[in-house]
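One file, final26.txt, is given below (compact mmCIF, C-alpha atoms).
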```txt
# COMPACT_ATOMS: atom_id res chain seq x y z
CA MET A 248 -30.09 -13.71 54.26
CA THR A 249 -30.86 -12.15 50.87
CA ILE A 250 -31.02 -8.69 52.43
CA GLU A 251 -27.63 -9.18 54.14
CA MET A 252 -26.07 -10.40 50.87
CA ARG A 253 -27.36 -7.43 48.89
CA LEU A 254 -26.31 -5.00 51.61
CA SER A 255 -22.83 -6.57 51.64
CA GLY A 256 -22.60 -6.18 47.88
CA PHE A 257 -23.69 -2.56 48.13
CA LEU A 258 -21.10 -1.86 50.85
CA PHE A 259 -18.27 -3.38 48.80
CA LEU A 260 -19.06 -0.99 45.96
CA PHE A 261 -19.92 1.95 48.22
CA ILE A 262 -16.53 1.72 49.97
CA LEU A 263 -14.71 1.79 46.63
CA VAL A 264 -16.67 4.88 45.56
CA LEU A 265 -15.91 6.60 48.86
CA GLN A 266 -12.19 5.91 48.41
CA VAL A 267 -12.25 7.56 44.99
CA VAL A 268 -14.19 10.58 46.29
CA MET A 269 -12.03 11.16 49.36
CA ALA A 270 -8.89 10.93 47.20
CA ALA A 271 -10.41 13.59 44.94
CA PHE A 272 -10.61 15.88 48.00
CA GLY A 273 -6.92 15.30 48.72
CA TYR A 274 -7.27 12.72 51.50
CA ILE A 275 -4.15 10.56 51.92
CA LEU A 276 -5.25 6.96 52.49
CA GLU A 277 -1.87 5.30 51.97
CA PRO A 278 1.13 7.66 52.26
CA THR A 279 3.73 7.21 49.49
CA SER A 280 6.93 9.09 48.65
CA LYS A 281 5.05 11.83 46.74
CA HIS A 282 3.07 12.72 49.86
CA TYR A 283 6.18 13.59 51.87
CA ASP A 284 6.63 16.84 49.93
CA SER A 285 5.33 18.79 52.89
CA ASP A 286 5.53 22.22 51.24
CA ALA A 287 3.09 21.28 48.49
CA LYS A 288 0.66 19.26 50.63
CA LEU A 289 0.53 21.63 53.61
CA LEU A 290 -0.03 24.65 51.40
CA LYS A 291 -2.77 22.75 49.58
CA PHE A 292 -4.47 21.86 52.87
CA ASP A 293 -4.23 25.47 54.06
CA ASN A 294 -5.56 26.88 50.79
CA ASN A 295 -8.52 24.50 50.78
CA PRO A 296 -9.43 23.61 54.38
CA ARG A 297 -13.01 22.78 53.40
CA GLY A 298 -11.74 20.15 50.96
CA PHE A 299 -9.57 18.66 53.71
CA GLN A 300 -12.54 18.53 56.08
CA ILE A 301 -14.85 16.94 53.50
CA GLY A 302 -12.22 14.32 52.64
CA PHE A 303 -11.78 13.61 56.34
CA VAL A 304 -15.52 13.09 56.94
CA ILE A 305 -15.82 10.85 53.86
CA ALA A 306 -12.85 8.83 55.16
CA LEU A 307 -14.61 8.30 58.49
CA ILE A 308 -17.74 7.13 56.67
CA GLU A 309 -15.56 4.72 54.67
CA HIS A 310 -13.91 3.29 57.80
CA PHE A 311 -17.23 2.71 59.57
CA SER A 312 -18.61 1.18 56.37
CA VAL A 313 -15.76 -1.36 56.52
CA ILE A 314 -16.82 -2.30 60.06
CA THR A 315 -20.47 -2.57 58.97
CA LEU A 316 -19.43 -4.73 56.01
CA ALA A 317 -17.58 -7.08 58.37
CA ILE A 318 -20.76 -7.58 60.39
CA MET A 319 -22.86 -8.19 57.27
CA LEU A 320 -20.35 -10.68 55.83
CA PHE A 321 -20.24 -12.55 59.13
CA ILE A 322 -24.03 -12.95 58.98
CA VAL A 323 -23.74 -14.18 55.38
CA ILE A 324 -20.95 -16.75 55.76
CA SER A 325 -21.29 -17.95 59.36
CA PRO A 326 -24.00 -20.51 58.40
CA TYR A 327 -21.44 -22.06 56.02
CA ASN A 328 -18.41 -21.97 58.32
CA ILE A 329 -18.57 -20.28 61.71
CA ILE A 330 -14.79 -20.41 62.31
CA LEU A 331 -13.96 -18.61 59.07
CA GLY A 332 -16.79 -16.21 59.82
CA ILE A 333 -15.27 -15.35 63.20
CA VAL A 334 -11.83 -14.83 61.63
CA LEU A 335 -13.38 -12.56 59.02
CA ILE A 336 -15.32 -10.36 61.42
CA ILE A 337 -12.40 -10.02 63.86
CA PHE A 338 -9.81 -8.96 61.30
CA ARG A 339 -12.04 -6.75 59.15
CA ILE A 340 -13.20 -4.91 62.29
CA ILE A 341 -9.54 -4.56 63.32
CA GLU A 342 -8.86 -3.10 59.88
CA GLY A 343 -11.63 -0.53 60.18
CA SER A 344 -10.74 0.30 63.78
CA ILE A 345 -7.10 0.98 62.91
CA GLN A 346 -8.21 3.38 60.19
CA VAL A 347 -10.60 5.19 62.56
CA HIS A 348 -7.83 5.48 65.16
CA ASN A 349 -5.55 7.01 62.52
CA GLU A 350 -7.87 9.95 61.99
CA LYS A 351 -7.15 11.59 65.34
CA ASP A 352 -3.57 12.29 64.21
CA TYR A 353 -4.53 12.96 60.59
CA TRP A 354 -6.88 15.77 61.61
CA GLY A 355 -3.86 17.49 63.16
CA LEU A 356 -2.44 18.04 59.67
CA LEU A 357 -4.91 20.86 59.13
CA ASN A 358 -3.65 22.70 62.22
CA ILE A 359 -0.06 22.12 61.09
CA ALA A 360 -0.94 23.52 57.65
CA LYS A 361 -2.43 26.67 59.17
CA GLN A 362 0.69 27.27 61.26
CA TYR A 363 3.00 26.40 58.37
CA SER A 364 1.66 29.19 56.17
CA ILE A 365 2.53 31.91 58.73
CA THR A 366 5.89 30.66 60.07
CA SER A 367 9.45 30.50 58.81
CA GLY A 368 12.92 29.23 59.69
CA THR A 369 13.33 26.58 62.39
CA ASP A 370 9.62 26.68 63.26
CA LYS A 371 8.83 25.68 59.69
CA ASP A 372 11.35 22.84 59.86
CA SER A 373 9.68 21.60 63.04
CA LEU A 374 6.26 21.65 61.36
CA ASN A 375 7.71 19.77 58.38
CA GLU A 376 8.97 17.06 60.71
CA SER A 377 5.62 16.87 62.51
CA TYR A 378 3.87 16.43 59.16
CA ARG A 379 6.22 13.64 58.09
CA THR A 380 5.95 11.92 61.49
CA ILE A 381 2.16 11.78 61.19
CA LEU A 382 2.43 10.32 57.69
CA ARG A 383 5.03 7.74 58.73
CA THR A 384 2.81 6.65 61.62
CA LYS A 385 -0.21 6.49 59.32
CA SER A 386 1.78 4.42 56.81
CA THR A 387 2.79 1.88 59.47
CA ARG A 388 -0.75 1.59 60.79
CA PHE A 389 -2.09 1.27 57.26
CA THR A 390 0.27 -1.66 56.72
CA PHE A 391 -1.22 -3.45 59.74
CA ALA A 392 -4.72 -2.58 58.50
CA MET A 393 -3.95 -4.19 55.16
CA ILE A 394 -2.59 -7.32 56.83
CA SER A 395 -5.89 -7.50 58.71
CA TRP A 396 -7.75 -6.96 55.43
CA SER A 397 -5.85 -9.82 53.81
CA ILE A 398 -6.61 -12.27 56.63
CA GLY A 399 -10.30 -11.35 56.71
CA THR A 400 -10.60 -11.42 52.92
CA LEU A 401 -8.77 -14.75 52.69
CA SER A 402 -11.28 -16.28 55.12
CA PHE A 403 -14.18 -14.90 53.08
CA SER A 404 -12.67 -16.04 49.78
CA ILE A 405 -12.11 -19.57 51.06
CA VAL A 406 -15.82 -19.77 51.90
CA LEU A 407 -16.66 -18.55 48.37
CA VAL A 408 -14.53 -21.31 46.84
CA ILE A 409 -15.47 -24.22 49.13
CA TYR A 410 -19.21 -23.57 49.43
CA GLY A 411 -19.96 -22.04 46.04
CA VAL A 412 -21.49 -18.84 47.40
CA ALA A 413 -20.28 -17.06 44.25
CA PRO A 414 -18.60 -18.16 40.98
CA LEU A 415 -15.33 -19.94 41.71
CA PHE A 416 -13.18 -17.53 39.74
CA ILE A 417 -14.26 -14.65 42.01
CA GLY A 418 -13.24 -16.63 45.09
CA TRP A 419 -9.87 -17.51 43.58
CA ILE A 420 -9.20 -13.87 42.68
CA GLY A 421 -9.92 -13.03 46.31
CA ILE A 422 -7.52 -15.71 47.53
CA VAL A 423 -4.74 -14.50 45.24
CA ALA A 424 -5.37 -10.84 46.13
CA SER A 425 -5.44 -11.46 49.89
CA ILE A 426 -2.31 -13.61 49.92
CA SER A 427 -0.47 -11.10 47.69
CA ILE A 428 -1.41 -8.08 49.79
CA GLY A 429 -0.74 -9.90 53.06
CA THR A 430 2.71 -11.07 51.93
CA PHE A 431 3.59 -7.68 50.48
CA ASN A 432 2.68 -5.83 53.67
CA VAL A 433 4.54 -8.27 55.93
CA LEU A 434 7.64 -7.75 53.76
CA LYS A 435 7.08 -4.00 53.99
CA LEU A 436 7.34 -4.25 57.78
CA VAL A 437 10.52 -6.33 57.53
CA LYS A 438 12.25 -4.10 54.94
CA PRO A 439 10.41 -0.75 54.98
CA LYS A 440 12.97 1.13 52.86
CA SER A 441 12.80 -1.08 49.77
CA LYS A 442 12.08 0.86 46.56
CA VAL A 443 9.83 -1.79 44.98
CA TYR A 444 6.89 -1.41 47.36
CA GLU A 445 5.06 1.39 45.59
CA SER A 446 4.84 -0.47 42.26
CA LEU A 447 3.91 -3.72 44.03
CA SER A 448 1.30 -1.85 46.05
CA SER A 449 -0.35 -0.62 42.84
CA ILE A 450 -0.47 -4.13 41.34
CA CYS A 451 -1.81 -5.77 44.50
CA GLY A 452 -4.27 -2.92 45.04
CA LEU A 453 -5.62 -3.30 41.49
CA LEU A 454 -6.18 -7.02 42.06
CA ALA A 455 -8.06 -6.27 45.30
CA ILE A 456 -10.23 -3.67 43.52
CA VAL A 457 -11.12 -6.16 40.78
CA PHE A 458 -12.12 -8.72 43.42
CA GLU A 459 -14.26 -6.25 45.37
CA ILE A 460 -16.02 -4.98 42.25
CA LEU A 461 -16.81 -8.53 41.14
CA ILE A 462 -17.98 -9.82 44.52
CA GLY A 463 -19.84 -6.59 45.25
CA GLY A 464 -21.67 -6.77 41.93
CA TRP A 465 -22.42 -10.48 42.37
CA LEU A 466 -23.83 -10.13 45.88
CA LEU A 467 -25.85 -7.04 44.99
CA PHE A 468 -27.36 -8.14 41.69
CA PHE A 469 -27.20 -11.95 41.51
```
Target format structure tokens, applied to this file:
Amino acid sequence: MTIEMRLSGFLFLFILVLQVVMAAFGYILEPTSKHYDSDAKLLKFDNNPRGFQIGFVIALIEHFSVITLAIMLFIVISPYNIILGIVLIIFRIIEGSIQVHNEKDYWGLLNIAKQYSITSGTDKDSLNESYRTILRTKSTRFTFAMISWSIGTLSFSIVLVIYGVAPLFIGWIGIVASISIGTFNVLKLVKPKSKVYESLSSICGLLAIVFEILIGGWLLFF
């Protein structure tokens, strides 16, 4: 059990590091309004295809790490509460699987970027629309992935609070973060054009990062 706990802690932190690195290579994890400037992004992808490819591979590693983390966490918490453990593993694997499924379309952005740099007129408009369609689809799927994250994380956090697996304040941060992100993403599906989502996403995302750093550090070192 100690090995599984430490590996879970490592994966929490490893996933966060991967997200920072893949963003540095230009990978778009969660599309926002700034990413829909197709001229700038497509030219950037075309000018640096190696960076796009590296970011893509790192993203795949991150997604499979999420699935591995789900399995490790299930092993850790199932002795405390098997039902919450099952909920956790189902929804965190759904989260990772959605992200993996996204990558088939996302890889197509590199081909669009290559064509975009050598076309003009209506062909360019068509490529612009293809780019935006891929991002809109990715955004919708990411919303479902985050709802799955919130359900899985809520189950895990409840175990932390009830059974004292970690300090109570860490569990409560997880509960608040998961409920906030889950509610925010459900509302995003109901009213997708609201202007407040990007700022709310940053706040909720920061809370989730704090939780994952704390629980990752606790499981790894304590």
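Using all atoms listed in the file, the shortest contact distance between Lys371 (chain A) and any of A:Gln300, A:Asn358, A:Asp286, A:Ser386 is found at A:Asp286.
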Item to check | Within 7 Å of region 328-339 of chain A using only C-alpha atoms, minus same-chain residues under 5 positions, as a PyMOL selection string | outcome: chain A and resi 314+317-318+321+395-396+398-400+402-403
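Distances to Pro439 (chain A) were evaluated for A:Gly302, A:His348, A:Leu357, A:Thr279 using only C-alpha atoms, and the minimum falls at A:Thr279.
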Checklist entry - Separation of CA of Arg297 (chain A) and CA of Phe272 (chain A), in Å? => result 9.1 Å
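When CA of Val437 (chain A) is paired with CA of Arg388 (chain A), their separation reads 14.2 Å.
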Next on the checklist: Which residues are close to Leu356 (chain A), i.e. within 9 Å by all atoms listed in the file, leaving aside same-chain residues fewer than 5 positions away? Reply as a list of chain:residue names.
Outcome noted: A:Leu289, A:Phe292, A:Lys361, A:Ser377, A:Tyr378, A:Ile381
